[in-house]
Amino acid sequence: MGLDPGRLSGARRAVGLFRSGSGEALDQVVALSWKKGSSYTGEEMVEVICHGMDQAADRIVSAVVEEGGRAALPGEFTRRGLLSGSLTRLDVLVLGRRSAEGQGQGAAGATAGSLLRRLGEVERELEGRLEFGEQYGVGISREEAAAALSELLERATELEGVAAALERPARVVIAGPVNAGKSTLFNTLLGRERVVASQSPGTTRDWVSESAEVEGVTVRLVDTPGEAGGEHEEEAGRVCREEMTAGSDAVLWLSEGGASEPSGWIIDEGFEMLRVSSKTDLLRGPGVNLSCRTGEGLDEIRTWISRRVDLLPGLSEGMTEVRRHLEEAVSALSSAREDMACEEISEARRKLRGIVNGQRMEKAVEAALGMLCVGK
Amino acid sequence: MGGGHAGIEAALACRRLECSALLVTGRCARIGEMSCNPAIGGIAKGALVREVDCLGGSMGEAADRTRLHFRMLNRSKGRSVWGPRAQVDAEAYARMQAGALAREGVTVLEDEVVALHGPVGGVDGIVCARAGAVTGAAVVLATGTFLGGRLFRGEETWAGGRFGDFSAMALESDLRARRFHVKRFKTGTSPRVLRESIRFDRMARQPGEGEYSFSFGRAGPDRGSEPCWVTRTSRDTRRVALDALDRSPLFCGKIEGKGPRYCPSFEDKAVRFAEKEEHIVFVEPMGAGSQAMYLNGLSTSLPLDAQQAMLATIPGLEEARILQPGYAVEYTLLDPEEFDACMLVRKEPKLLVAGQVCGTSGYEEAAGLGVLAGLNAGRIARGEHPVQLERSESYIGVMADDLSSRSWCEPYRLFSSRAENRMHLREENADRRMVPVAMSWGLARGEDVRRVDRLERDISRIRALLEGTRKGVAGTQLCRRPSTGRAELLGVWPELAQEDVRAVEAILLDERYSGYIDRALRRIDQRRQLESVSLESVADFSCIEEICIEAREILGRMRPRTLGEAASLAGVRPSDLDGLLLHLGRGCST
């Protein structure tokens, strides 16, 4: 799970022997116990760190299961964190993205959830300074508030960078058996002859991806070599496909007259799919009937593609606004205008809350949760 | 009913509308009494006092004429949160308020109100112990801490609304019998000590500062300034308080009412802020040359011996002689669901409420609601519909709306942060905000109307000038820059030096805050839209599939009446509100 020093501060530590239910000593371990609200999931939690051998870990896990515990599902910890409010949707997306890119947790551990919480605290402390400071001699000093705010501004700037990286057009893969007309559709959607399309099967050998405007939104279209079909997918082809479809959002499954059933990987990896029967000027089939020659079905496909996008609209723009409000707050505080600083912080919080709780984020979050492994 | 800060303003507002007003009080001699600390104003409260003044109230002028010490709180924290606060001569203040009642022709009756008059739903007067039934066009309930009041000090407890006074027990039974939803709150006060017994050389002197008057243009004669004094409690004080906790009515369960979180008793602070070694204590004069000094910050209901022992640990108060010990008072109030933002009781078309009986704490809050209740009592008497004040335009409006729309579990104290439009609700522009409405309701003083009129004309003229561009910048744009003050503005627009200082200042502030104010108004508007969507038709939140499971649970438990209430619940997200709207829409279409 990775331990950053900030996270550790909420835990109590103990070193000792881990014993099974029957009293057998299994390993010498370090145990960290977190109170409600301080752990990764936000729940009360004990984390056990044992020796690095698989054996030791397995024995401890079995002992726990014997006592009525169960192993976590992939992504379960993150899902729980999301439910308890200790992680926000944005954080889950960041985690998902990092996990997809094979990275661990961010070095600074800046999550939108902790930023939101800290901003709330600083705002309350500043409000306390305004309401009670002079009458009751309580509340945070201006210097303390300024220092806290500057640190939060840094975190917000970091998140802004993350958000910009997350914001990307949806990837739509055009797949199907050889000679289904994938390249013709690809070119038609692109509005130019990007790839060579011909009537002879197997013309397209390489994966090609291009940015396209579909009904006013930008998407990334991926053209693929035709699948040979059958059980035997070549190893090299599989690796290549996995690489190219990773991070994709939807698949158009094209086959001549809808004759071919979608490949297993589309279902297995849970891609959203639109089934298209191509060359319908010759032959009718199931799903959308498409003829690039007559233009039949093109509008339907365009609409479908344009609905797949809107993954994280305005995410980095929103984070930029958050950062700007915090900059304003820092500057207001330095010119002795606490009232304006409070307004700016509270606006930054409202914006951030809107971003992390946005309904349109749900889909992306579900996808991100799916990318996480056990223990996350 | 009631001769406190709410009752007085209510009676005066009625008289402004040319209705006759009868004020019934248990003891004439204690009209306008400051039962707690002798100070008026503070953050947000100072602006509130000015609003009361512009609505024709007398609190501001009474404070101005009896002022001993003045400070502008938050002077260096932004103009919108400046908090004028005055120490006043408590006795002189009460005399001044009683004088205002006499001058304005309010009839005062010393009697005990034992019941409301008329059937449930048709209350049309009161029943007094001696005078019998008195009926009228409207009744304002401003009972303060007297309704079912009980006092506590250590293990002693007795009936009373204030030290040395009786409480309204019979009236409380009548309200309960009429099936009003009531609850109990508690509040407390600090010991008063003998001035001669204090060692002032061991405390810090806090001089007053500056000239100010709450009332616009009606400043009284300067009464000179008396200093306040500052000292601090120590770890020993805390220990004494903790040792006596088992004899504290708060902690051994005798008081069931909830106390104010923001004005806690010292024993409360000792328990809740264990990490804080010292707490500040302000030693404030009760009057000019008065022998009594008020210990602000030391509210307590511990037994007398513990109070004395606590004082012995505080620098300067070691030998202090207690004139009147601190005590707690628990009282009955009406649940907010019983009244609306006009302060009108929902089920009684002629009954209104103001002050602590609707859940507030503080003299200023009471006065603000008193004006509103009195105004509407007068309007009812004249056959006009009751009115309310906008949240975006006044602290009184914020307060009345807050109180009537949510069930509070502790005495409500006004904070500047309760107002979305805080940047606009400044003490500086209270007359510009309030005098126009006061005029339309017949509450405004002629002199105020004339002054605001002149001011607004000046402002429009100067603003028209500033619309122009000099040195490449429009004047209004220049005003919005954070570094622009009057001096900077005059550097570019020197002819403004001849203009009214207040008018120039007003434009500067309006411009500086305009962005925030626009945003706040939009938020208030959104909130109003949410409030207008009723959730009454939702029988079961648990089966609404459009919202997340967590939100279903919270909504099921809290059962909000409107979408606005739902939005204010922790754990309910914007997406859940969308979901609820979707669900409601579906419900309608089928």
# chains A, B, ... in the order shown; residues from 1 in each chain; ligands from 1
>>> interface_residues(of="chain B", to="chain A", cutoff="9 Å", atoms="only C-alpha atoms", output="ChimeraX atom specification")
/B:42-44,73-74,76-81,279-282,297,415-417,422-423,482-483,513,516,550,571,573-576,578
>>> residues_around(residues="Ala13 in chain B", least_positions_apart="5", cutoff="7 Å", atoms="only C-alpha atoms", output="VMD selection string")
chain B and resid 56 to 57 371 374 to 375
>>> residues_around(residues="Ser183 in chain A", least_positions_apart="2", cutoff="10 Å", atoms="only C-alpha atoms", output="ChimeraX atom specification")
/A:174-175,179-181,185-189,193-198,203-204,208,222-226
>>> write_last_selection(atoms="N, CA and C atoms", output="mmCIF file, in the first residue's frame")
data_model
loop_
_atom_site.group_PDB
_atom_site.id
_atom_site.type_symbol
_atom_site.label_atom_id
_atom_site.label_comp_id
_atom_site.auth_asym_id
_atom_site.auth_seq_id
_atom_site.Cartn_x
_atom_site.Cartn_y
_atom_site.Cartn_z
ATOM 1 N N ILE A 174 -11.804 0.116 -33.534
ATOM 2 C CA ILE A 174 -12.610 -0.525 -34.576
ATOM 3 C C ILE A 174 -12.012 -1.912 -34.823
ATOM 4 N N ALA A 175 -12.748 -2.945 -34.460
ATOM 5 C CA ALA A 175 -12.210 -4.300 -34.573
ATOM 6 C C ALA A 175 -13.172 -5.191 -35.372
ATOM 7 N N ASN A 179 -11.154 -7.995 -43.695
ATOM 8 C CA ASN A 179 -12.003 -7.590 -44.816
ATOM 9 C C ASN A 179 -13.442 -7.219 -44.412
ATOM 10 N N ALA A 180 -13.599 -6.704 -43.182
ATOM 11 C CA ALA A 180 -14.936 -6.302 -42.737
ATOM 12 C C ALA A 180 -15.240 -4.864 -43.150
ATOM 13 N N GLY A 181 -14.222 -4.141 -43.572
ATOM 14 C CA GLY A 181 -14.426 -2.736 -43.944
ATOM 15 C C GLY A 181 -14.047 -1.776 -42.835
ATOM 16 N N LEU A 185 -14.357 2.439 -42.785
ATOM 17 C CA LEU A 185 -15.084 3.183 -41.739
ATOM 18 C C LEU A 185 -14.152 4.190 -41.061
ATOM 19 N N PHE A 186 -12.935 3.744 -40.754
ATOM 20 C CA PHE A 186 -11.930 4.589 -40.101
ATOM 21 C C PHE A 186 -11.700 5.853 -40.922
ATOM 22 N N ASN A 187 -11.453 5.671 -42.212
ATOM 23 C CA ASN A 187 -11.217 6.817 -43.103
ATOM 24 C C ASN A 187 -12.452 7.706 -43.192
ATOM 25 N N THR A 188 -13.625 7.064 -43.274
ATOM 26 C CA THR A 188 -14.859 7.836 -43.393
ATOM 27 C C THR A 188 -15.058 8.717 -42.163
ATOM 28 N N LEU A 189 -14.829 8.125 -40.992
ATOM 29 C CA LEU A 189 -15.007 8.902 -39.760
ATOM 30 C C LEU A 189 -13.973 10.021 -39.661
ATOM 31 N N GLU A 193 -8.298 9.969 -46.356
ATOM 32 C CA GLU A 193 -7.723 8.639 -46.576
ATOM 33 C C GLU A 193 -6.461 8.488 -45.749
ATOM 34 N N ARG A 194 -6.618 8.098 -44.492
ATOM 35 C CA ARG A 194 -5.441 7.964 -43.642
ATOM 36 C C ARG A 194 -4.774 6.615 -43.901
ATOM 37 N N VAL A 195 -5.574 5.581 -44.042
ATOM 38 C CA VAL A 195 -4.999 4.251 -44.279
ATOM 39 C C VAL A 195 -5.492 3.726 -45.622
ATOM 40 N N VAL A 196 -4.744 2.842 -46.129
ATOM 41 C CA VAL A 196 -5.145 2.253 -47.398
ATOM 42 C C VAL A 196 -6.239 1.226 -47.149
ATOM 43 N N ALA A 197 -7.346 1.422 -47.824
ATOM 44 C CA ALA A 197 -8.407 0.431 -47.683
ATOM 45 C C ALA A 197 -8.592 -0.219 -49.037
ATOM 46 N N SER A 198 -8.656 -1.521 -49.062
ATOM 47 C CA SER A 198 -8.866 -2.191 -50.349
ATOM 48 C C SER A 198 -9.791 -3.373 -50.162
ATOM 49 N N THR A 203 -5.369 -6.176 -45.867
ATOM 50 C CA THR A 203 -4.575 -5.040 -46.313
ATOM 51 C C THR A 203 -3.934 -4.332 -45.128
ATOM 52 N N THR A 204 -4.712 -4.177 -44.040
ATOM 53 C CA THR A 204 -4.182 -3.476 -42.871
ATOM 54 C C THR A 204 -3.363 -4.446 -42.026
ATOM 55 N N VAL A 208 -3.307 1.458 -36.173
ATOM 56 C CA VAL A 208 -3.167 2.882 -36.463
ATOM 57 C C VAL A 208 -4.132 3.644 -35.563
ATOM 58 N N VAL A 222 -9.021 3.960 -33.284
ATOM 59 C CA VAL A 222 -7.956 2.989 -33.497
ATOM 60 C C VAL A 222 -8.400 2.009 -34.577
ATOM 61 N N ASP A 223 -7.631 1.924 -35.642
ATOM 62 C CA ASP A 223 -7.903 0.928 -36.673
ATOM 63 C C ASP A 223 -7.028 -0.282 -36.382
ATOM 64 N N THR A 224 -7.575 -1.467 -36.636
ATOM 65 C CA THR A 224 -6.848 -2.677 -36.251
ATOM 66 C C THR A 224 -6.719 -3.612 -37.440
ATOM 67 N N PRO A 225 -5.681 -4.450 -37.401
ATOM 68 C CA PRO A 225 -5.616 -5.494 -38.421
ATOM 69 C C PRO A 225 -6.758 -6.466 -38.173
ATOM 70 N N GLY A 226 -7.243 -7.080 -39.188
ATOM 71 C CA GLY A 226 -8.353 -8.019 -39.033
ATOM 72 C C GLY A 226 -7.970 -9.210 -38.182
#
>>> residues_around(residues="range 358-364 of chain B", least_positions_apart="6", cutoff="8 Å", atoms="only C-alpha atoms", output="list of chain:residue names")
B:His5, B:Ala6, B:Met34, B:Ile40, B:Gly41, B:Lys45, B:Leu48, B:Val49, B:Phe185, B:Pro260, B:Leu333, B:Leu334, B:Asp335, B:Pro336, B:Leu403, B:Trp408, B:Glu410, B:Pro411, B:Tyr412, B:Arg413
>>> residues_around(residues="range 147-159 of chain B", least_positions_apart="3", cutoff="7 Å", atoms="only C-alpha atoms", output="MDAnalysis selection string")
chainID B and resid 143:144 166:169 172 247:249 301:303 327:332
>>> closest_residue(among="A:Ala112, A:Leu326, A:Val173, A:Val122", to="Ala348 in chain A", atoms="only C-alpha atoms")
A:Leu326
>>> select_by_dssp(residues="range 185-369 of chain B", states="strand (DSSP E)", output="ChimeraX atom specification")
/B:185-189,192-194,204-206,228-232,280-285,292-296,322-324,327-334,351-353
>>> atom_distance(atom1="CA of Ile60 in chain A", atom2="CA of Glu47 in chain A")
12.0 Å
>>> atom_distance(atom1="CA of Ala570 in chain B", atom2="CA of Met45 in chain A")
23.2 Å
>>> residues_around(residues="range 229-241 of chain B", least_positions_apart="2", cutoff="9 Å", atoms="only C-alpha atoms", output="number ranges by chain")
B: 200, 202-207, 227, 243-245, 266-267, 269-271, 274, 276-284, 298, 302, 306-307, 309-317
>>> atom_distance(atom1="CA of Ser407 in chain B", atom2="CA of Lys258 in chain B")
12.9 Å
>>> residues_around(residues="range 344-348 of chain B", least_positions_apart="4", cutoff="8 Å", atoms="only C-alpha atoms", output="list in words")
Val120, Gly121, Gly122, Val123, Glu338, Phe339, Asp340, Leu352, Val353, Ala373 and Asn376 of chain B
>>> write_last_selection(atoms="all heavy atoms", output="short mmCIF file (atom, residue, chain, number, x, y, z; two decimals), in the first residue's frame")
data_model
loop_
_atom_site.label_atom_id
_atom_site.label_comp_id
_atom_site.auth_asym_id
_atom_site.auth_seq_id
_atom_site.Cartn_x
_atom_site.Cartn_y
_atom_site.Cartn_z
N VAL B 120 -57.22 27.13 20.71
CA VAL B 120 -56.10 26.71 19.88
C VAL B 120 -56.41 27.08 18.42
O VAL B 120 -57.49 26.80 17.92
CB VAL B 120 -55.88 25.18 19.99
CG1 VAL B 120 -54.87 24.70 18.95
CG2 VAL B 120 -55.40 24.83 21.40
N GLY B 121 -55.49 27.76 17.80
CA GLY B 121 -55.71 28.20 16.42
C GLY B 121 -56.37 29.57 16.35
O GLY B 121 -56.44 30.18 15.31
N GLY B 122 -56.84 30.06 17.51
CA GLY B 122 -57.52 31.36 17.50
C GLY B 122 -57.07 32.23 18.66
O GLY B 122 -57.87 32.97 19.26
N VAL B 123 -55.76 32.17 18.98
CA VAL B 123 -55.24 33.00 20.07
C VAL B 123 -55.41 34.47 19.70
O VAL B 123 -55.04 34.90 18.62
CB VAL B 123 -53.75 32.67 20.33
CG1 VAL B 123 -53.12 33.71 21.23
CG2 VAL B 123 -53.61 31.28 20.93
N GLU B 338 -42.49 25.58 14.53
CA GLU B 338 -43.72 26.26 14.92
C GLU B 338 -43.89 27.64 14.28
O GLU B 338 -44.96 28.19 14.28
CB GLU B 338 -43.79 26.41 16.44
CG GLU B 338 -43.90 25.10 17.20
CD GLU B 338 -45.29 24.48 17.11
OE1 GLU B 338 -46.16 25.04 16.42
OE2 GLU B 338 -45.49 23.44 17.74
N PHE B 339 -42.78 28.23 13.77
CA PHE B 339 -42.93 29.59 13.24
C PHE B 339 -42.22 29.74 11.90
O PHE B 339 -41.40 28.90 11.52
CB PHE B 339 -42.43 30.64 14.23
CG PHE B 339 -41.03 30.41 14.70
CD1 PHE B 339 -39.96 30.96 14.02
CD2 PHE B 339 -40.77 29.64 15.84
CE1 PHE B 339 -38.67 30.74 14.45
CE2 PHE B 339 -39.47 29.42 16.26
CZ PHE B 339 -38.42 29.97 15.56
N ASP B 340 -42.56 30.80 11.18
CA ASP B 340 -41.97 31.02 9.86
C ASP B 340 -41.01 32.21 9.88
O ASP B 340 -40.76 32.80 10.94
CB ASP B 340 -43.07 31.20 8.81
CG ASP B 340 -43.93 32.42 9.10
OD1 ASP B 340 -43.49 33.32 9.85
OD2 ASP B 340 -45.06 32.48 8.58
N LEU B 352 -46.98 35.91 17.38
CA LEU B 352 -45.62 36.01 16.85
C LEU B 352 -44.61 35.75 17.96
O LEU B 352 -44.95 35.82 19.14
CB LEU B 352 -45.38 37.42 16.26
CG LEU B 352 -46.33 37.79 15.13
CD1 LEU B 352 -47.38 38.78 15.61
CD2 LEU B 352 -45.58 38.33 13.94
N VAL B 353 -43.37 35.47 17.56
CA VAL B 353 -42.33 35.18 18.55
C VAL B 353 -41.07 35.97 18.24
O VAL B 353 -40.83 36.34 17.09
CB VAL B 353 -41.96 33.68 18.57
CG1 VAL B 353 -43.01 32.86 19.25
CG2 VAL B 353 -41.71 33.16 17.15
N ALA B 373 -40.82 40.95 14.45
CA ALA B 373 -42.09 40.46 15.01
C ALA B 373 -43.03 41.63 15.26
O ALA B 373 -44.23 41.55 14.97
CB ALA B 373 -41.82 39.69 16.31
N ASN B 376 -44.50 42.93 12.02
CA ASN B 376 -45.56 42.08 11.48
C ASN B 376 -46.80 42.08 12.37
O ASN B 376 -47.92 41.96 11.87
CB ASN B 376 -45.04 40.67 11.24
CG ASN B 376 -44.25 40.59 9.93
OD1 ASN B 376 -44.57 41.31 8.98
ND2 ASN B 376 -43.22 39.77 9.90
#
>>> closest_residue(among="A:Trp265, A:Phe18, A:Trp253, A:Trp207", to="Val64 in chain A", atoms="only C-alpha atoms")
A:Phe18
